[in-house]
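Pasting structure_12.cif here (mmCIF, C-alpha atoms and all ligand atoms):
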data_upload
#
loop_
_atom_site.group_PDB
_atom_site.id
_atom_site.type_symbol
_atom_site.label_atom_id
_atom_site.label_comp_id
_atom_site.auth_asym_id
_atom_site.auth_seq_id
_atom_site.Cartn_x
_atom_site.Cartn_y
_atom_site.Cartn_z
ATOM 1 C CA MET K 91 164.998 23.206 -57.931
ATOM 2 C CA HIS K 92 167.326 26.173 -57.845
ATOM 3 C CA TRP K 93 169.539 26.257 -54.728
ATOM 4 C CA PRO K 94 169.523 28.619 -52.972
ATOM 5 C CA PRO K 95 166.148 29.867 -54.278
ATOM 6 C CA LYS K 96 166.428 32.731 -56.722
ATOM 7 C CA GLY K 97 166.438 36.156 -55.098
ATOM 8 C CA ILE K 98 168.540 35.299 -52.045
ATOM 9 C CA GLN K 99 171.539 37.596 -52.019
ATOM 10 C CA ASN K 100 174.708 37.816 -49.922
ATOM 11 C CA PRO K 101 174.187 34.774 -47.713
ATOM 12 C CA TYR K 102 176.160 34.838 -44.473
ATOM 13 C CA TYR K 103 176.788 31.143 -45.039
ATOM 14 C CA LEU K 104 175.933 28.837 -47.920
ATOM 15 C CA ASP K 105 176.598 25.176 -48.632
ATOM 16 C CA ASP K 106 174.628 22.499 -50.461
ATOM 17 C CA THR K 107 171.919 22.188 -47.771
ATOM 18 C CA VAL K 108 172.104 25.320 -45.590
ATOM 19 C CA CYS K 109 171.655 28.965 -46.496
ATOM 20 C CA LEU K 110 171.893 31.452 -43.634
ATOM 21 C CA VAL K 111 171.197 35.135 -44.191
ATOM 22 C CA ASN K 112 171.887 37.948 -41.721
ATOM 23 C CA ALA K 113 169.250 40.499 -42.706
ATOM 24 C CA ASP K 114 165.738 41.753 -42.108
ATOM 25 C CA CYS K 115 163.508 38.925 -43.257
ATOM 26 C CA LEU K 116 161.161 41.279 -45.090
ATOM 27 C CA ASP K 117 163.992 42.404 -47.381
ATOM 28 C CA VAL K 118 164.906 38.786 -48.102
ATOM 29 C CA MET K 119 161.383 37.450 -48.521
ATOM 30 C CA ARG K 120 160.318 40.203 -50.907
ATOM 31 C CA GLU K 121 162.983 38.979 -53.337
ATOM 32 C CA MET K 122 162.482 35.235 -52.926
ATOM 33 C CA GLU K 123 161.090 33.191 -55.755
ATOM 34 C CA ALA K 124 157.422 32.165 -55.413
ATOM 35 C CA GLY K 125 156.826 28.507 -54.604
ATOM 36 C CA SER K 126 160.419 27.888 -53.580
ATOM 37 C CA VAL K 127 160.049 26.271 -50.130
ATOM 38 C CA ASP K 128 158.292 23.109 -48.929
ATOM 39 C CA MET K 129 157.658 24.211 -45.344
ATOM 40 C CA ILE K 130 157.929 27.226 -43.066
ATOM 41 C CA CYS K 131 158.622 26.632 -39.404
ATOM 42 C CA THR K 132 159.142 29.830 -37.492
ATOM 43 C CA ASP K 133 159.056 31.473 -34.108
ATOM 44 C CA PRO K 134 158.512 35.227 -34.480
ATOM 45 C CA PRO K 135 159.733 37.504 -31.674
ATOM 46 C CA TYR K 136 157.309 37.963 -28.795
ATOM 47 C CA GLY K 137 158.119 41.597 -28.129
ATOM 48 C CA MET K 138 161.303 41.033 -26.187
ATOM 49 C CA ASN K 139 164.086 43.551 -25.700
ATOM 50 C CA ARG K 140 165.925 44.524 -28.876
ATOM 51 C CA PHE K 141 163.544 42.552 -31.068
ATOM 52 C CA ALA K 142 161.674 44.037 -33.959
ATOM 53 C CA THR K 143 158.253 43.877 -32.300
ATOM 54 C CA ASP K 144 159.204 46.182 -29.428
ATOM 55 C CA GLY K 145 156.503 48.751 -28.836
ATOM 56 C CA LYS K 146 154.403 47.560 -31.763
ATOM 57 C CA ASP K 147 151.211 45.611 -31.977
ATOM 58 C CA TYR K 148 152.316 41.989 -32.304
ATOM 59 C CA LEU K 149 150.194 41.100 -35.316
ATOM 60 C CA GLU K 150 151.109 44.335 -37.080
ATOM 61 C CA ALA K 151 154.787 43.529 -36.525
ATOM 62 C CA VAL K 152 154.797 39.936 -37.752
ATOM 63 C CA ALA K 153 151.943 39.841 -40.287
ATOM 64 C CA PRO K 154 153.926 41.307 -43.224
ATOM 65 C CA ALA K 155 156.454 38.452 -43.115
ATOM 66 C CA LEU K 156 153.830 35.790 -42.439
ATOM 67 C CA ARG K 157 151.762 37.065 -45.371
ATOM 68 C CA LEU K 158 154.754 37.153 -47.732
ATOM 69 C CA SER K 159 155.499 33.599 -46.756
ATOM 70 C CA TRP K 160 152.319 32.427 -48.455
ATOM 71 C CA ASP K 161 153.694 33.121 -51.944
ATOM 72 C CA ILE K 162 157.061 31.614 -51.108
ATOM 73 C CA LEU K 163 155.448 28.341 -49.989
ATOM 74 C CA LYS K 164 154.763 25.698 -52.619
ATOM 75 C CA ASP K 165 151.192 24.531 -53.063
ATOM 76 C CA CYS K 166 150.112 21.822 -50.615
ATOM 77 C CA SER K 167 152.725 22.963 -48.080
ATOM 78 C CA SER K 168 152.488 23.864 -44.420
ATOM 79 C CA MET K 169 153.548 26.738 -42.217
ATOM 80 C CA PHE K 170 154.050 26.267 -38.462
ATOM 81 C CA VAL K 171 154.172 29.396 -36.311
ATOM 82 C CA PHE K 172 155.007 29.405 -32.589
ATOM 83 C CA THR K 173 152.820 31.959 -30.836
ATOM 84 C CA SER K 174 152.149 33.017 -27.276
ATOM 85 C CA THR K 175 148.674 32.089 -26.050
ATOM 86 C CA GLY K 176 147.950 35.803 -25.618
ATOM 87 C CA GLU K 177 148.328 36.418 -29.366
ATOM 88 C CA VAL K 178 146.993 33.194 -30.757
ATOM 89 C CA VAL K 179 143.514 34.368 -31.727
ATOM 90 C CA LYS K 180 144.830 37.477 -33.456
ATOM 91 C CA VAL K 181 147.420 35.557 -35.459
ATOM 92 C CA ALA K 182 145.055 32.701 -36.294
ATOM 93 C CA ASN K 183 142.413 35.082 -37.626
ATOM 94 C CA GLY K 184 144.486 38.008 -38.778
ATOM 95 C CA LEU K 185 146.606 36.598 -41.579
ATOM 96 C CA GLY K 186 143.842 35.615 -43.963
ATOM 97 C CA GLN K 187 145.450 32.197 -44.374
ATOM 98 C CA PRO K 188 143.662 28.937 -43.672
ATOM 99 C CA LEU K 189 144.358 27.615 -40.199
ATOM 100 C CA LYS K 190 144.432 23.836 -40.144
ATOM 101 C CA ARG K 191 144.951 23.168 -36.429
ATOM 102 C CA MET K 192 146.578 24.503 -33.310
ATOM 103 C CA PHE K 193 149.044 22.419 -31.308
ATOM 104 C CA TRP K 194 150.087 23.064 -27.722
ATOM 105 C CA MET K 195 153.541 23.098 -26.281
ATOM 106 C CA TYR K 196 153.552 22.623 -22.517
ATOM 107 C CA LYS K 197 156.857 23.779 -21.036
ATOM 108 C CA PRO K 198 156.830 24.086 -17.277
ATOM 109 C CA GLY K 199 159.978 25.782 -16.050
ATOM 110 C CA ASP K 200 160.988 27.154 -19.441
ATOM 111 C CA CYS K 201 160.112 30.819 -20.051
ATOM 112 C CA THR K 202 157.286 30.336 -17.554
ATOM 113 C CA TYR K 203 155.899 33.451 -15.882
ATOM 114 C CA PRO K 204 152.927 34.401 -13.710
ATOM 115 C CA LEU K 205 149.860 36.315 -14.836
ATOM 116 C CA GLY K 206 146.887 37.113 -12.604
ATOM 117 C CA GLY K 207 147.552 34.117 -10.390
ATOM 118 C CA TRP K 208 148.199 31.625 -13.196
ATOM 119 C CA LEU K 209 151.580 30.341 -14.189
ATOM 120 C CA LEU K 210 151.852 30.559 -17.966
ATOM 121 C CA THR K 211 153.331 27.250 -19.020
ATOM 122 C CA SER K 212 152.094 26.767 -22.560
ATOM 123 C CA GLU K 213 152.597 28.108 -26.037
ATOM 124 C CA ALA K 214 150.650 27.546 -29.217
ATOM 125 C CA ILE K 215 151.941 26.282 -32.535
ATOM 126 C CA LEU K 216 149.654 27.374 -35.352
ATOM 127 C CA TRP K 217 149.500 25.154 -38.402
ATOM 128 C CA PHE K 218 148.484 26.863 -41.637
ATOM 129 C CA ALA K 219 148.086 24.692 -44.735
ATOM 130 C CA LYS K 220 148.198 25.966 -48.301
ATOM 131 C CA GLY K 221 146.031 24.117 -50.829
ATOM 132 C CA ASP K 222 143.589 21.239 -50.432
ATOM 133 C CA LYS K 223 146.064 18.396 -50.194
ATOM 134 C CA LEU K 224 148.556 17.858 -47.377
ATOM 135 C CA ASN K 225 152.010 17.013 -48.631
ATOM 136 C CA LEU K 226 153.589 15.888 -45.355
ATOM 137 C CA CYS K 227 155.521 12.813 -44.243
ATOM 138 C CA GLU K 228 153.293 10.954 -41.862
ATOM 139 C CA ARG K 229 155.052 9.910 -38.653
ATOM 140 C CA LYS K 230 154.404 6.610 -36.862
ATOM 141 C CA PRO K 231 153.778 6.178 -34.031
ATOM 142 C CA TYR K 232 151.530 9.215 -34.108
ATOM 143 C CA ARG K 233 152.573 12.193 -32.045
ATOM 144 C CA HIS K 234 150.005 13.730 -29.701
ATOM 145 C CA ASP K 235 149.023 17.277 -30.585
ATOM 146 C CA CYS K 236 150.317 18.575 -27.247
ATOM 147 C CA TYR K 237 154.111 18.592 -27.027
ATOM 148 C CA ILE K 238 155.135 18.116 -23.414
ATOM 149 C CA HIS K 239 158.531 19.635 -22.834
ATOM 150 C CA LYS K 240 159.570 18.789 -19.303
ATOM 151 C CA ARG K 241 163.320 19.095 -19.400
ATOM 152 C CA VAL K 242 164.711 22.574 -19.760
ATOM 153 C CA GLY K 243 168.106 23.561 -21.132
ATOM 154 C CA LEU K 244 168.678 20.393 -23.165
ATOM 155 C CA GLU K 245 169.982 22.408 -26.087
ATOM 156 C CA GLY K 246 172.822 23.873 -24.003
ATOM 157 C CA VAL K 247 172.777 27.093 -26.042
ATOM 158 C CA GLU K 248 174.086 30.271 -24.493
ATOM 159 C CA GLY K 249 173.538 33.784 -25.804
ATOM 160 C CA HIS K 250 169.925 33.619 -26.991
ATOM 161 C CA PRO K 251 166.967 34.130 -24.622
ATOM 162 C CA CYS K 252 164.341 31.929 -26.277
ATOM 163 C CA VAL K 253 165.762 28.760 -27.761
ATOM 164 C CA LYS K 254 162.996 26.357 -28.762
ATOM 165 C CA PRO K 255 163.166 22.666 -27.803
ATOM 166 C CA LEU K 256 165.056 20.902 -30.568
ATOM 167 C CA TRP K 257 162.975 17.732 -30.340
ATOM 168 C CA VAL K 258 159.725 19.656 -30.913
ATOM 169 C CA VAL K 259 161.087 21.566 -33.920
ATOM 170 C CA SER K 260 162.652 18.349 -35.278
ATOM 171 C CA ASP K 261 159.294 16.617 -35.087
ATOM 172 C CA LEU K 262 157.704 19.440 -37.109
ATOM 173 C CA VAL K 263 160.370 19.647 -39.822
ATOM 174 C CA SER K 264 160.565 15.848 -40.142
ATOM 175 C CA ARG K 265 157.114 16.111 -41.733
ATOM 176 C CA CYS K 266 158.500 18.173 -44.605
ATOM 177 C CA PRO K 267 158.869 15.992 -47.735
ATOM 178 C CA GLU K 268 162.264 14.282 -47.649
ATOM 179 C CA GLY K 269 165.067 16.451 -49.010
ATOM 180 C CA GLY K 270 162.639 19.409 -49.100
ATOM 181 C CA THR K 271 163.467 22.966 -48.076
ATOM 182 C CA VAL K 272 162.370 24.558 -44.797
ATOM 183 C CA LEU K 273 162.410 28.326 -44.251
ATOM 184 C CA ASP K 274 162.680 29.971 -40.830
ATOM 185 C CA MET K 275 162.729 33.726 -41.325
ATOM 186 C CA TYR K 276 163.108 34.458 -37.582
ATOM 187 C CA CYS K 277 165.731 31.819 -36.999
ATOM 188 C CA GLY K 278 167.335 33.102 -33.774
ATOM 189 C CA SER K 279 169.907 30.632 -32.472
ATOM 190 C CA GLY K 280 169.238 28.276 -35.394
ATOM 191 C CA THR K 281 167.143 25.524 -33.774
ATOM 192 C CA THR K 282 165.216 24.958 -37.031
ATOM 193 C CA GLY K 283 168.529 24.743 -38.900
ATOM 194 C CA VAL K 284 169.882 22.121 -36.516
ATOM 195 C CA ALA K 285 166.610 20.179 -36.826
ATOM 196 C CA CYS K 286 166.917 20.292 -40.632
ATOM 197 C CA VAL K 287 170.494 18.997 -40.550
ATOM 198 C CA LYS K 288 169.450 16.140 -38.261
ATOM 199 C CA THR K 289 166.418 15.190 -40.346
ATOM 200 C CA GLY K 290 167.964 15.649 -43.811
ATOM 201 C CA ARG K 291 166.043 18.734 -44.959
ATOM 202 C CA ARG K 292 167.473 21.814 -46.622
ATOM 203 C CA PHE K 293 167.368 24.949 -44.526
ATOM 204 C CA ILE K 294 167.046 28.654 -45.251
ATOM 205 C CA GLY K 295 167.404 30.773 -42.120
ATOM 206 C CA VAL K 296 167.122 34.533 -41.821
ATOM 207 C CA GLU K 297 168.109 36.414 -38.678
ATOM 208 C CA ILE K 298 168.389 40.165 -38.183
ATOM 209 C CA SER K 299 170.991 40.086 -35.405
ATOM 210 C CA GLU K 300 174.536 39.246 -36.399
ATOM 211 C CA GLU K 301 175.275 37.928 -32.924
ATOM 212 C CA TYR K 302 172.421 35.406 -33.192
ATOM 213 C CA THR K 303 173.333 34.527 -36.779
ATOM 214 C CA ARG K 304 176.805 33.619 -35.547
ATOM 215 C CA ILE K 305 175.325 31.387 -32.819
ATOM 216 C CA ALA K 306 173.029 29.740 -35.388
ATOM 217 C CA LEU K 307 175.899 29.019 -37.752
ATOM 218 C CA LYS K 308 178.007 27.527 -34.974
ATOM 219 C CA ARG K 309 175.172 25.217 -33.917
ATOM 220 C CA ILE K 310 174.435 24.152 -37.499
ATOM 221 C CA LEU K 311 178.075 23.398 -38.279
ATOM 222 C CA GLU K 312 178.400 21.419 -35.034
ATOM 223 C CA ALA K 313 175.309 19.390 -35.980
ATOM 224 C CA LYS K 314 176.814 18.701 -39.416
ATOM 225 C CA ALA K 315 180.127 17.648 -37.879
ATOM 226 C CA GLN K 316 178.339 15.296 -35.459
ATOM 227 C CA LEU K 317 176.427 13.763 -38.329
ATOM 228 C CA GLN K 318 179.652 13.125 -40.207
ATOM 229 C CA LEU K 319 181.040 11.371 -37.140
ATOM 230 C CA GLY K 320 177.917 9.211 -37.016
ATOM 231 C CA PHE K 321 176.201 10.905 -34.052
ATOM 232 C CA ASN K 322 172.625 12.080 -34.512
ATOM 233 C CA GLY K 323 171.261 12.301 -30.967
HETATM 234 C C1 LIG K 401 161.720 34.104 -30.735
HETATM 235 S S1 LIG K 401 163.274 34.331 -31.474
HETATM 236 C C2 LIG K 401 163.535 32.823 -32.364
HETATM 237 C C3 LIG K 401 164.240 31.808 -31.531
HETATM 238 C C4 LIG K 401 164.503 30.513 -32.272
HETATM 239 N N1 LIG K 401 163.300 29.756 -32.480
HETATM 240 C C5 LIG K 401 165.507 29.656 -31.520
HETATM 241 O O1 LIG K 401 165.200 28.494 -31.164
HETATM 242 O O2 LIG K 401 166.596 30.144 -31.239
HETATM 243 C C6 LIG K 401 162.913 35.461 -32.765
HETATM 244 C C7 LIG K 401 164.133 35.947 -33.532
HETATM 245 O O3 LIG K 401 163.700 36.793 -34.599
HETATM 246 C C8 LIG K 401 164.717 37.752 -34.823
HETATM 247 N N2 LIG K 401 164.116 38.873 -35.593
HETATM 248 C C9 LIG K 401 163.342 39.877 -35.147
HETATM 249 N N3 LIG K 401 162.944 40.653 -36.165
HETATM 250 C C10 LIG K 401 163.478 40.122 -37.300
HETATM 251 C C11 LIG K 401 163.428 40.472 -38.675
HETATM 252 N N4 LIG K 401 162.741 41.528 -39.092
HETATM 253 N N5 LIG K 401 164.078 39.687 -39.578
HETATM 254 C C12 LIG K 401 164.783 38.600 -39.155
HETATM 255 N N6 LIG K 401 164.886 38.223 -37.860
HETATM 256 C C13 LIG K 401 164.236 38.977 -36.940
HETATM 257 C C14 LIG K 401 165.183 38.127 -33.427
HETATM 258 O O4 LIG K 401 166.481 38.702 -33.430
HETATM 259 C C15 LIG K 401 165.111 36.773 -32.708
HETATM 260 O O5 LIG K 401 166.366 36.122 -32.698
#

Output the file's structure in the form of structure tokens.
Ligand SMILES: C[S@@+](CC[C@H](N)C(=O)[O-])C[C@H]1O[C@@H](n2cnc3c(N)ncnc32)[C@H](O)[C@@H]1O
Amino acid sequence: MHWPPKGIQNPYYLDDTVCLVNADCLDVMREMEAGSVDMICTDPPYGMNRFATDGKDYLEAVAPALRLSWDILKDCSSMFVFTSTGEVVKVANGLGQPLKRMFWMYKPGDCTYPLGGWLLTSEAILWFAKGDKLNLCERKPYRHDCYIHKRVGLEGVEGHPCVKPLWVVSDLVSRCPEGGTVLDMYCGSGTTGVACVKTGRRFIGVEISEEYTRIALKRILEAKAQLQLGFNG
């Protein structure tokens, strides 16, 4: 396979397993070669300050990239999308792509906030699968379909407001075929990139903010350095 996939221009950082691009993901994805990635694992912005969904309907804001991703995915590949529970039905039904399952992530204390007398402590992870066959590495022992994230701040990342738990993202990308390529077109502080380094997958990350791209690169290079020293915690 061509590395990085044809169509990716001016990477912010490129080596033999990581390609980081500081750009609007739509501009990058429109140029990417069809069938060039083995998995997409992404966490689109939830309408936070300075993010591209501000003031827009959530589905309208993220659907163009999620729809483009379908061509970029190889056949028999999977896309995992983190979504707030308030948007889950819209995203599940609105993309026109086959939803396989929904997983839960329970995260008391992390980005938790009250609504109408309930404390919102969960997020959804939507699993879309392209093609009839699943081409995923099966993990044993089996993981329950509700990820319980009790300990907050384990990643120790400063400068990004919504860093996903590394162990959850690592579990998802570890199901990508070994040595395969994972795309995260809303890569933020680079959690998916770190997970790819730790699990031996190639990573393509796209992030619109230069500040966050810099944080992502720092984390990814630190993960690579730790791996070289024999640490992979
Ligand atoms: C929810 S955050 C992702 C956080 C990430 N999962 C992590 O663990 O750090 C979404 C990210 O998408 C980025 N973003 C928003 N619109 C974008 C666009 N059009 N292209 C690329 N990145 C974009 C935001 O700057 C933000 O960092």

How big is the axis-aligned box around the listed atoms of ligand LIG 401 (chain K) once 8 Å is added on each side, and where is its centre? Give both in Å to one decimal, as AutoDock Vina command-line options.
--center_x 164.2 --center_y 35.0 --center_z -35.2 --size_x 20.9 --size_y 29.0 --size_z 24.8

Residue with the minimum atom-to-atom distance to Leu307 (chain K), picked from K:Cys131, K:Arg241, K:Asp105, K:Leu110 with all atoms listed in the file counted, is K:Leu110

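Across K:Val111, K:Ala182, K:Leu216, K:Leu210, the tightest approach to ligand LIG 401 (chain K) is made by K:Val111 when counting only C-alpha atoms and all ligand atoms.
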
Would you mind reading off the distance between CA of Phe293 (chain K) and CA of Asp274 (chain K), one decimal, in Å?
-> 7.8 Å

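Comparing the minimum interatomic distances between ligand LIG 401 (chain K) and each of K:Pro135, K:Gly186, K:Pro267, K:Gly97, counting all atoms listed in the file, we find that K:Pro135 sits nearest.
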
Which residues of chain K come within 7 Å of ligand LIG 401 (chain K), and for each one, what is the closest pair of atoms and their distance in Å to one decimal, counting only C-alpha atoms and all ligand atoms, sorted by chain and residue number, as JSON lines?
{"residue": "K:Ala113", "atom": "CA", "partner": "K:LIG401", "partner_atom": "C12", "distance": 6.0}
{"residue": "K:Asp114", "atom": "CA", "partner": "K:LIG401", "partner_atom": "N5", "distance": 3.7}
{"residue": "K:Cys115", "atom": "CA", "partner": "K:LIG401", "partner_atom": "N5", "distance": 3.8}
{"residue": "K:Leu116", "atom": "CA", "partner": "K:LIG401", "partner_atom": "N4", "distance": 6.2}
{"residue": "K:Thr132", "atom": "CA", "partner": "K:LIG401", "partner_atom": "N1", "distance": 6.5}
{"residue": "K:Asp133", "atom": "CA", "partner": "K:LIG401", "partner_atom": "N1", "distance": 4.9}
{"residue": "K:Pro134", "atom": "CA", "partner": "K:LIG401", "partner_atom": "C6", "distance": 4.7}
{"residue": "K:Pro135", "atom": "CA", "partner": "K:LIG401", "partner_atom": "C6", "distance": 3.9}
{"residue": "K:Tyr136", "atom": "CA", "partner": "K:LIG401", "partner_atom": "C1", "distance": 6.2}
{"residue": "K:Phe141", "atom": "CA", "partner": "K:LIG401", "partner_atom": "C9", "distance": 4.9}
{"residue": "K:Ala142", "atom": "CA", "partner": "K:LIG401", "partner_atom": "N3", "distance": 4.2}
{"residue": "K:Thr143", "atom": "CA", "partner": "K:LIG401", "partner_atom": "N3", "distance": 6.9}
{"residue": "K:His250", "atom": "CA", "partner": "K:LIG401", "partner_atom": "O2", "distance": 6.4}
{"residue": "K:Cys252", "atom": "CA", "partner": "K:LIG401", "partner_atom": "C3", "distance": 5.3}
{"residue": "K:Val253", "atom": "CA", "partner": "K:LIG401", "partner_atom": "O1", "distance": 3.5}
{"residue": "K:Lys254", "atom": "CA", "partner": "K:LIG401", "partner_atom": "O1", "distance": 3.9}
{"residue": "K:Met275", "atom": "CA", "partner": "K:LIG401", "partner_atom": "C12", "distance": 5.7}
{"residue": "K:Tyr276", "atom": "CA", "partner": "K:LIG401", "partner_atom": "O3", "distance": 3.8}
{"residue": "K:Cys277", "atom": "CA", "partner": "K:LIG401", "partner_atom": "C4", "distance": 5.1}
{"residue": "K:Gly278", "atom": "CA", "partner": "K:LIG401", "partner_atom": "O5", "distance": 3.3}
{"residue": "K:Ser279", "atom": "CA", "partner": "K:LIG401", "partner_atom": "O2", "distance": 3.6}
{"residue": "K:Gly280", "atom": "CA", "partner": "K:LIG401", "partner_atom": "O2", "distance": 5.3}
{"residue": "K:Thr281", "atom": "CA", "partner": "K:LIG401", "partner_atom": "O1", "distance": 4.4}
{"residue": "K:Thr282", "atom": "CA", "partner": "K:LIG401", "partner_atom": "O1", "distance": 6.9}
{"residue": "K:Val296", "atom": "CA", "partner": "K:LIG401", "partner_atom": "C12", "distance": 5.4}
{"residue": "K:Glu297", "atom": "CA", "partner": "K:LIG401", "partner_atom": "N6", "distance": 3.8}
{"residue": "K:Ile298", "atom": "CA", "partner": "K:LIG401", "partner_atom": "N6", "distance": 4.0}
{"residue": "K:Ser299", "atom": "CA", "partner": "K:LIG401", "partner_atom": "O4", "distance": 5.1}
{"residue": "K:Tyr302", "atom": "CA", "partner": "K:LIG401", "partner_atom": "O5", "distance": 6.1}

Of the candidates K:Asp161, K:Asp200, K:Asp222, K:Glu301, which shows the shortest atom-to-atom distance to Glu123 (chain K), using only C-alpha atoms?
->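 Using only C-alpha atoms, Glu123 (chain K) sits closest to K:Asp161.
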
For the structure shown, which residues end up in the PyMOL selection byres (((chain K and resi 190) around 10) and not hetatm)? Put them as JSON, numbers by chain, please?
-> {"K": [168, 169, 182, 187, 188, 189, 191, 192, 216, 217, 218, 219, 220]}

Kindly give the distance, in Å, that separates CA of His234 (chain K) and CA of Gly246 (chain K), rounded to a single decimal.
-> 25.6 Å

Taking all atoms listed in the file into account, which of K:Val272, K:Cys201, K:Met195, K:Leu311 comes nearest Asp235 (chain K)?
->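 Looking only at the distances to Asp235 (chain K), the closest residue turns out to be K:Met195.
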
Any idea what the distance is between CA of Ser174 (chain K) and CA of Gly283 (chain K)?
->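 Interatomic distance here is 21.7 Å.
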
Name the residues that the PyMOL selection byres (((chain K and resi 129) around 8) and not hetatm) picks from the file above, as a VMD selection string, using the file's chain letters and numbers.
-> chain K and resid 127 to 128 130 to 131 163 to 164 167 to 169 263 266 270 to 273

Picked residues, the PyMOL selection byres (((chain K and resi 172) around 6) and not hetatm), as a ChimeraX atom specification | /K:133,171,173,214-215

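Distance check against Gln316 (chain K) using all atoms listed in the file: of K:Pro204, K:Lys288, K:Ile162, K:Met91, the minimum falls on K:Lys288.
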
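Taking only C-alpha atoms, the non-local environment of Gly199 (chain K) within 12 Å (same-chain residues fewer than 5 positions away omitted) comprises Pro204, Leu209, Leu210, Thr211, Ser212, Ile238, His239, Lys240, Arg241, Val242 and Gly243 of chain K.
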